[in-house]
Amino acid sequence: MSTPLLFSTIEVTKQAFYRSALSYAIVNLKPIVPGHVLVIPNRPVPRLTDLTTPELTSLIASVQNVGRVVERAYGGDALTVACQDGKAAGQSIPHVHFHILPRKFHGDYFSHRMDDIYPALERSETDLPRDFENLKVSSTTVQIDHPFKVDADEDRLPRTLEDMEQEATWLRGFFTGECRDTDAVSR
């Protein structure tokens, strides 16, 4: 059994789809675009400067590996990669992390106003602690046509744990043999 993964003090093991020796990736509770994921170092530190060189190297290599996969899996044309390094930068969970968002020239919410993704990301980050606290495990699973549909609308609701586990399981399949330095997340 793998060690539980903590995003600050929040257990996110079931949302994980990628894991290396010093970092991991999880699906997002309230994604702004389909495929919006987080890459996080194992050790909960608030700032990039708090990471050791091996931790930072692993984190950036994981951003690259995860970015390559989610861009392909979600049919992206590019990626937005963002890190709010500290509270003054908009970080709401005191554990350094990178947002990876697959982007499209046509067909995503921000196609006609590409830079509008940054204020949306900041608004999303603000509600994160409350949304994780309110996350409840649903007793039923609802079958929907497009399980990973998201809406960048400010009023979007957090997803259920089941929805996030479903996406994590799907994404985990893209990492089989993807990177030799990556350990498989236990299924």
# chains A, B, ... in the order shown; residues from 1 in each chain; ligands from 1
call {"tool": "residues_around", "arguments": {"residues": "A:Leu38", "least_positions_apart": "4", "cutoff": "10 Å", "atoms": "only C-alpha atoms", "output": "ChimeraX atom specification"}}
result
/A:16,24-29,31,63,66-67,81-83,97-101
call {"tool": "atom_distance", "arguments": {"atom1": "atom CA of A:Phe175", "atom2": "atom CA of A:Ile93"}}
result
26.7 Å
call {"tool": "atom_distance", "arguments": {"atom1": "atom CA of A:His106", "atom2": "atom CA of A:Arg72"}}
result
15.4 Å
call {"tool": "atom_distance", "arguments": {"atom1": "atom CA of A:Val39", "atom2": "atom CA of A:Arg19"}}
result
9.4 Å
